[in-house]
Amino acid sequence: MGTVYSIGIDFGTANSCVAYGSYAQNGSELDSEPLRRPEVIPFHNHDTVPTAIHLGDGKQQPPTFGRMAEERGAVDAERLYTGFKLHLGDPERGRDAFLMTKYFLGYLRRRIELFVPLGIENPDERVETIVGHPVQWSADQREATLQAAIESGFPNVRVEEESLAALYCHVFDERGGRLPDPGSYVLTVDMGGGTTDFAFLHMPDAPGGRPESIPVHPATSEGKSYGGRHLDRLLLQYFSRSWSPEIVNANAPFLIREVRRFKEAFSSHLSEGASQYESKIPVGEELALLKLNRDEFEGVCGEYIKYFEVLLAGALEEATLKPEQVTDIILTGGHSRWYFVERTIANVFPHLAGKKVRRIHRHSHPEQSVARGLAYDPLVRSSKKGAIAPVRRATHAVWLHVPAEPGADGQPSPAAAAEPMLLIPRGQVLPFKTPAPIKFKVEQLVKSPQATQVRVQFLSGHRRMPLADRVASFQRGFWEQVTKSLGSVFRIGGQQRDQFEIEVDMRVDEHEMIQAEMIVKRMVGGRVADVQKEKMQVSAEAGGPATA
């Protein structure tokens with residue numbers, strides 16, 4: 001009998017939350033009744049911690065994190081860093097985002113080790129760390145998150161989709177929680193301070209099956225971020241319309257923080273039945289009255305409220321589902337508390353409103369539900385009795401293409417694979433492996449008597465955006481160079497062509513990371529003259545980096 005400690009980290013754009021639990025292990029399975037049911041770790045008496053870093057001055061002022069970073073950033077905004085999660089995996093800003101993520105997770109680790117024995121050496125005990133990520137994230141973003149957690153010192157790290165964590169929390173943590181009906185579609189809506197994320201889960205038709213995760217990412221217009229921080233800016237614009245612009249500009253970080261606190265209190269009062277709320281904050285040398293009622297709020301933020309319905313409709317369209325196919329909705333994130341959320345859901349999904357059996361689910365502390373669900377992940381994955389560990393489907397189609405190269409006369413060369421070849425369709429269940437190596441032949445006009453080459457491209461998505469580009473180059477032998485030179489001068493045998501045989505063996509893991517082995521054979525007179533082999537790894541998202 002051993003003990004497994006679990007750490008669930010909901011690493012958010014604006015706020016993060018950490019939960020921990022422990023389980024008795026008997027063989028390969030964990031006891032379904034936790035030794036310690038997952039609960040959150042407080043940060044300065046709060047369930048969540050702002051995902052913020054203030055770097056200090058590098059001398060007397062040390063770096064600070066979370067709320068202390070926001071407090072310091074209110075008077076020194078230049079050294080305050082927030083929202084860096086969104087840049088993980090980005091070709092230009094990804095490295096800095098990775099370092100900030102690693103730095104911030106290191107801060108979380110120092111707090112967590114007060115509750116979880118991270119340095120245990122007992123062979124009968126182990127710690128598992130699960131970090132959440134949005135379902136639509138690319139393999140590069142997931143890999144960066146995983147590596148940052150490992151390098152910050154967490155043991156046995158893996159990443160998990162936040163939508164599944166919300167489902168785990170609903171099933172295991174809530175009174176009356178239940179597994180959704182077989183064959184049904186569950187929509188999870190994660191409404192955080194920085195973004196709102198949507199994902200569908202298709203529950204298995206048969207007992208013992210596994211749900212399928214369906215990523216969706218409905219586009220926002222004009223780059224609008226749909227999160228609590230967007231509301232903060234709208235409300236600040238409203239309240240500051242009579243304030244001095246110089247004072248607002250000089251004190252923007254402080255004022256946005258105070259407006260955020262007002263907004264959270266206002267939302268809480270509305271949920272308790274009040275119609276308005278007011279408080280005062282310092283603006284320059286005076287106290288300004290912040291006062292807001294429900295009608296005023298809807299006037300100021302009306303477009304924002306309506307846009308939630310647009311996003312819900314966009315999520316359905318992207319998943320090619322009708323509203324009535326959705327049987328349950330799980331709301332998570334602190335922003336999901338707003339009164340207009342369930343009202344809007346009832347407009348889009350009228351069949352879910354007013355049911356005797358509740359179909360719209362929200363944890364009593366929705367800002368905790370993803371972290372709690374992640375801490376249940378070891379229990380889910382250890383169970384052999386119809387566990388709900390997911391099957392992931394590919395977000396992007398992958399194509400193979402050999403573009404036609406012009407010959408020595410500048411004319412396009414015929415190619416057997418001129419049209420892109422579909423290797424893996426969007427929606428393919430992962431992990432995936434080609435059942436046998438894909439083989440095809442290519443011919444192209446001779447471009448040079450001295451050398452020849454063939455280009456192989458991997459493309460992604462319905463737009464067939466470039467993923468990776470490989471060129472196999474071959475140097476001709478002396479007598480072949482002579483033959484090709486004479487042939488190009490005297491047109492012996494008409495237009496001369498180079499022949500290639502290409503073989504591709506591909507594997508795609510559950511995170512859409514492609515591993516491929518490519519063999520290119522150059523044929524002369526029907527026989528193999530040269531062979532090149534290459535292995536590579538590339539993300540299935542267009543523009544992902546490829547490594548040999």
# chains A, B, ... in the order shown; residues from 1 in each chain; ligands from 1

call {"tool": "residues_around", "arguments": {"residues": "Val40 (chain A)", "least_positions_apart": "2", "cutoff": "10 Å", "atoms": "only C-alpha atoms", "output": "list in words"}}
result
Ile7, Gly8, Ile9, Cys17, Val18, Ala19, Tyr20, Gly21, Pro38, Pro42, Phe43, His46, Asp47, Thr48, Gln368, Ser369, Ala371, Arg372 and Ala375 of chain A

call {"tool": "residues_around", "arguments": {"residues": "region 513-516 of chain A", "least_positions_apart": "3", "cutoff": "9 Å", "atoms": "only C-alpha atoms", "output": "ChimeraX atom specification"}}
result
/A:138-140,504-510,534-541

call {"tool": "write_last_selection", "arguments": {"atoms": "N, CA and C atoms", "output": "PDB file, in the first residue's frame"}}
result
ATOM      1  N   SER A 138      -1.707  24.465 -29.212  1.00  0.00           N
ATOM      2  CA  SER A 138      -0.867  23.683 -30.120  1.00  0.00           C
ATOM      3  C   SER A 138       0.081  22.801 -29.320  1.00  0.00           C
ATOM      4  N   ALA A 139       0.716  21.878 -30.016  1.00  0.00           N
ATOM      5  CA  ALA A 139       1.703  21.007 -29.368  1.00  0.00           C
ATOM      6  C   ALA A 139       2.859  21.828 -28.812  1.00  0.00           C
ATOM      7  N   ASP A 140       3.250  22.901 -29.506  1.00  0.00           N
ATOM      8  CA  ASP A 140       4.353  23.735 -29.024  1.00  0.00           C
ATOM      9  C   ASP A 140       4.001  24.392 -27.695  1.00  0.00           C
ATOM     10  N   VAL A 504       7.643   7.610 -46.523  1.00  0.00           N
ATOM     11  CA  VAL A 504       7.407   8.368 -45.287  1.00  0.00           C
ATOM     12  C   VAL A 504       6.705   7.482 -44.277  1.00  0.00           C
ATOM     13  N   ASP A 505       7.261   7.430 -43.076  1.00  0.00           N
ATOM     14  CA  ASP A 505       6.653   6.714 -41.946  1.00  0.00           C
ATOM     15  C   ASP A 505       6.375   7.762 -40.876  1.00  0.00           C
ATOM     16  N   MET A 506       5.113   7.920 -40.459  1.00  0.00           N
ATOM     17  CA  MET A 506       4.739   9.031 -39.579  1.00  0.00           C
ATOM     18  C   MET A 506       3.963   8.547 -38.368  1.00  0.00           C
ATOM     19  N   ARG A 507       4.222   9.196 -37.223  1.00  0.00           N
ATOM     20  CA  ARG A 507       3.499   8.960 -35.980  1.00  0.00           C
ATOM     21  C   ARG A 507       3.079  10.315 -35.420  1.00  0.00           C
ATOM     22  N   VAL A 508       1.871  10.382 -34.857  1.00  0.00           N
ATOM     23  CA  VAL A 508       1.366  11.602 -34.239  1.00  0.00           C
ATOM     24  C   VAL A 508       0.908  11.244 -32.833  1.00  0.00           C
ATOM     25  N   ASP A 509       1.481  11.883 -31.822  1.00  0.00           N
ATOM     26  CA  ASP A 509       1.105  11.551 -30.442  1.00  0.00           C
ATOM     27  C   ASP A 509      -0.155  12.319 -30.048  1.00  0.00           C
ATOM     28  N   GLU A 510      -0.630  12.115 -28.820  1.00  0.00           N
ATOM     29  CA  GLU A 510      -1.896  12.708 -28.384  1.00  0.00           C
ATOM     30  C   GLU A 510      -1.819  14.224 -28.272  1.00  0.00           C
ATOM     31  N   GLU A 534      16.173  10.773 -43.076  1.00  0.00           N
ATOM     32  CA  GLU A 534      16.109  11.881 -42.134  1.00  0.00           C
ATOM     33  C   GLU A 534      14.946  11.680 -41.183  1.00  0.00           C
ATOM     34  N   LYS A 535      15.168  11.960 -39.916  1.00  0.00           N
ATOM     35  CA  LYS A 535      14.114  11.951 -38.912  1.00  0.00           C
ATOM     36  C   LYS A 535      13.809  13.393 -38.535  1.00  0.00           C
ATOM     37  N   MET A 536      12.539  13.651 -38.214  1.00  0.00           N
ATOM     38  CA  MET A 536      12.206  15.005 -37.807  1.00  0.00           C
ATOM     39  C   MET A 536      11.033  14.980 -36.853  1.00  0.00           C
ATOM     40  N   GLN A 537      10.888  16.091 -36.139  1.00  0.00           N
ATOM     41  CA  GLN A 537       9.785  16.270 -35.204  1.00  0.00           C
ATOM     42  C   GLN A 537       9.207  17.646 -35.450  1.00  0.00           C
ATOM     43  N   VAL A 538       7.882  17.730 -35.534  1.00  0.00           N
ATOM     44  CA  VAL A 538       7.248  19.009 -35.856  1.00  0.00           C
ATOM     45  C   VAL A 538       5.868  19.050 -35.231  1.00  0.00           C
ATOM     46  N   SER A 539       5.440  20.235 -34.816  1.00  0.00           N
ATOM     47  CA  SER A 539       4.094  20.424 -34.292  1.00  0.00           C
ATOM     48  C   SER A 539       3.099  20.399 -35.433  1.00  0.00           C
ATOM     49  N   ALA A 540       1.911  19.865 -35.179  1.00  0.00           N
ATOM     50  CA  ALA A 540       0.890  19.775 -36.225  1.00  0.00           C
ATOM     51  C   ALA A 540       0.204  21.104 -36.489  1.00  0.00           C
ATOM     52  N   GLU A 541       0.555  22.150 -35.722  1.00  0.00           N
ATOM     53  CA  GLU A 541      -0.032  23.459 -35.999  1.00  0.00           C
ATOM     54  C   GLU A 541       0.815  24.192 -37.008  1.00  0.00           C
TER      55      GLU A 541
END

call {"tool": "residues_around", "arguments": {"residues": "region 97-114 of chain A", "least_positions_apart": "5", "cutoff": "6 Å", "atoms": "only C-alpha atoms", "output": "list in words"}}
result
Phe84, His87, Leu88, Ala148 and Ser152 of chain A

call {"tool": "write_last_selection", "arguments": {"atoms": "C-alpha atoms", "output": "PDB file, in the first residue's frame"}}
result
ATOM      1  CA  PHE A  84       2.808  35.954 -20.681  1.00  0.00           C
ATOM      2  CA  HIS A  87       2.851  33.905 -25.835  1.00  0.00           C
ATOM      3  CA  LEU A  88       4.079  30.400 -25.023  1.00  0.00           C
ATOM      4  CA  ALA A 148       8.621  25.041 -17.801  1.00  0.00           C
ATOM      5  CA  SER A 152      10.899  24.838 -12.167  1.00  0.00           C
TER       6      SER A 152
END

call {"tool": "atom_distance", "arguments": {"atom1": "CA of Ile345 (chain A)", "atom2": "CA of Glu309 (chain A)"}}
result
7.5 Å

call {"tool": "select_by_dssp", "arguments": {"residues": "region 179-356 of chain A", "states": "strand (DSSP E or B)", "output": "ChimeraX atom specification"}}
result
/A:185-191,196-202,212-216,276-283,286-293,326-332

call {"tool": "atom_distance", "arguments": {"atom1": "CA of Thr332 (chain A)", "atom2": "CA of Pro155 (chain A)"}}
result
26.9 Å

call {"tool": "residues_around", "arguments": {"residues": "region 314-331 of chain A", "least_positions_apart": "4", "cutoff": "9 Å", "atoms": "only C-alpha atoms", "output": "PyMOL selection string"}}
result
chain A and resi 163+166-167+170+180-181+184-191+198-200+214-219+309-310+336-337+345+348-352+358-363+366

call {"tool": "residues_around", "arguments": {"residues": "Phe440 (chain A)", "least_positions_apart": "4", "cutoff": "7 Å", "atoms": "only C-alpha atoms", "output": "list of chain:residue names"}}
result
A:Glu501, A:Ile502, A:Glu503

call {"tool": "write_last_selection", "arguments": {"atoms": "N, CA and C atoms", "output": "PDB file, in the first residue's frame"}}
result
ATOM      1  N   GLU A 501      12.233   8.043 -55.464  1.00  0.00           N
ATOM      2  CA  GLU A 501      11.250   7.240 -54.731  1.00  0.00           C
ATOM      3  C   GLU A 501      11.279   7.713 -53.289  1.00  0.00           C
ATOM      4  N   ILE A 502      10.130   8.121 -52.786  1.00  0.00           N
ATOM      5  CA  ILE A 502      10.036   8.705 -51.439  1.00  0.00           C
ATOM      6  C   ILE A 502       9.187   7.803 -50.553  1.00  0.00           C
ATOM      7  N   GLU A 503       9.659   7.585 -49.341  1.00  0.00           N
ATOM      8  CA  GLU A 503       8.965   6.734 -48.375  1.00  0.00           C
ATOM      9  C   GLU A 503       8.861   7.507 -47.056  1.00  0.00           C
TER      10      GLU A 503
END

call {"tool": "residues_around", "arguments": {"residues": "region 390-402 of chain A", "least_positions_apart": "4", "cutoff": "6 Å", "atoms": "only C-alpha atoms", "output": "ChimeraX atom specification"}}
result
/A:210-213,417-418,420-430,455-461

call {"tool": "write_last_selection", "arguments": {"atoms": "N, CA and C atoms", "output": "compact mmCIF listing (two decimals), in the first residue's frame"}}
result
# COMPACT_ATOMS: atom_id res chain seq x y z
N ARG A 210 -14.29 5.83 -23.81
CA ARG A 210 -13.62 7.05 -23.37
C ARG A 210 -14.18 8.25 -24.14
N PRO A 211 -14.35 9.39 -23.46
CA PRO A 211 -14.86 10.57 -24.14
C PRO A 211 -13.86 11.12 -25.15
N GLU A 212 -14.38 11.78 -26.17
CA GLU A 212 -13.53 12.39 -27.19
C GLU A 212 -13.53 13.90 -26.96
N SER A 213 -12.34 14.46 -26.96
CA SER A 213 -12.17 15.89 -26.77
C SER A 213 -12.21 16.58 -28.13
N ALA A 417 3.44 13.42 -57.35
CA ALA A 417 2.72 13.88 -56.16
C ALA A 417 2.51 15.38 -56.23
N ALA A 418 2.15 15.90 -57.42
CA ALA A 418 1.96 17.33 -57.58
C ALA A 418 0.82 17.84 -56.69
N PRO A 420 -1.20 17.76 -53.17
CA PRO A 420 -0.90 17.32 -51.80
C PRO A 420 -1.63 16.03 -51.44
N MET A 421 -0.94 15.18 -50.70
CA MET A 421 -1.49 13.89 -50.27
C MET A 421 -1.89 14.00 -48.80
N LEU A 422 -3.13 13.65 -48.47
CA LEU A 422 -3.62 13.72 -47.10
C LEU A 422 -3.01 12.58 -46.28
N LEU A 423 -2.28 12.95 -45.22
CA LEU A 423 -1.68 11.95 -44.33
C LEU A 423 -2.58 11.65 -43.14
N ILE A 424 -3.16 12.71 -42.55
CA ILE A 424 -4.02 12.53 -41.39
C ILE A 424 -5.13 13.57 -41.44
N PRO A 425 -6.41 13.18 -41.41
CA PRO A 425 -7.50 14.15 -41.49
C PRO A 425 -7.75 14.83 -40.15
N ARG A 426 -8.34 16.01 -40.20
CA ARG A 426 -8.79 16.66 -38.97
C ARG A 426 -9.84 15.78 -38.31
N GLY A 427 -9.73 15.59 -37.00
CA GLY A 427 -10.66 14.74 -36.28
C GLY A 427 -10.19 13.31 -36.11
N GLN A 428 -9.01 12.97 -36.66
CA GLN A 428 -8.45 11.63 -36.51
C GLN A 428 -8.15 11.36 -35.03
N VAL A 429 -8.56 10.21 -34.54
CA VAL A 429 -8.30 9.86 -33.15
C VAL A 429 -6.79 9.69 -32.95
N LEU A 430 -6.29 10.27 -31.89
CA LEU A 430 -4.87 10.21 -31.56
C LEU A 430 -4.64 9.28 -30.36
N ARG A 455 12.27 18.43 -53.22
CA ARG A 455 11.74 19.11 -52.04
C ARG A 455 10.48 18.39 -51.55
N VAL A 456 10.41 18.13 -50.26
CA VAL A 456 9.25 17.49 -49.64
C VAL A 456 8.70 18.44 -48.58
N GLN A 457 7.40 18.73 -48.66
CA GLN A 457 6.78 19.66 -47.72
C GLN A 457 5.69 18.96 -46.92
N PHE A 458 5.59 19.32 -45.64
CA PHE A 458 4.46 18.95 -44.80
C PHE A 458 3.58 20.20 -44.67
N LEU A 459 2.27 20.03 -44.90
CA LEU A 459 1.32 21.14 -44.84
C LEU A 459 0.28 20.85 -43.78
N SER A 460 -0.40 21.92 -43.28
CA SER A 460 -1.34 21.77 -42.17
C SER A 460 -2.65 22.49 -42.46
N GLY A 461 -3.76 21.85 -42.10
CA GLY A 461 -5.07 22.49 -42.15
C GLY A 461 -5.66 22.57 -43.54

call {"tool": "residues_around", "arguments": {"residues": "Gly525 (chain A)", "least_positions_apart": "4", "cutoff": "12 Å", "atoms": "only C-alpha atoms", "output": "PDB file with C-alpha atoms, in the first residue's frame"}}
result
ATOM      1  CA  GLU A 480      26.463  10.814 -65.050  1.00  0.00           C
ATOM      2  CA  GLN A 496      15.772  14.333 -69.387  1.00  0.00           C
ATOM      3  CA  ARG A 497      14.167  13.632 -66.007  1.00  0.00           C
ATOM      4  CA  ASP A 498      15.399  12.738 -62.568  1.00  0.00           C
ATOM      5  CA  GLN A 499      13.484  10.021 -60.756  1.00  0.00           C
ATOM      6  CA  PHE A 500      12.983   9.702 -57.006  1.00  0.00           C
ATOM      7  CA  ALA A 529      21.850   5.344 -57.012  1.00  0.00           C
TER       8      ALA A 529
END

call {"tool": "closest_residue", "arguments": {"among": "A:Tyr238, A:Phe432, A:Phe474, A:Tyr277", "to": "Ala451 (chain A)", "atoms": "only C-alpha atoms"}}
result
A:Phe474

call {"tool": "closest_residue", "arguments": {"among": "A:His269, A:Asn249, A:Arg294, A:His365", "to": "Gln237 (chain A)", "atoms": "only C-alpha atoms"}}
result
A:Asn249

call {"tool": "atom_distance", "arguments": {"atom1": "CA of Asn156 (chain A)", "atom2": "CA of Glu128 (chain A)"}}
result
5.1 Å
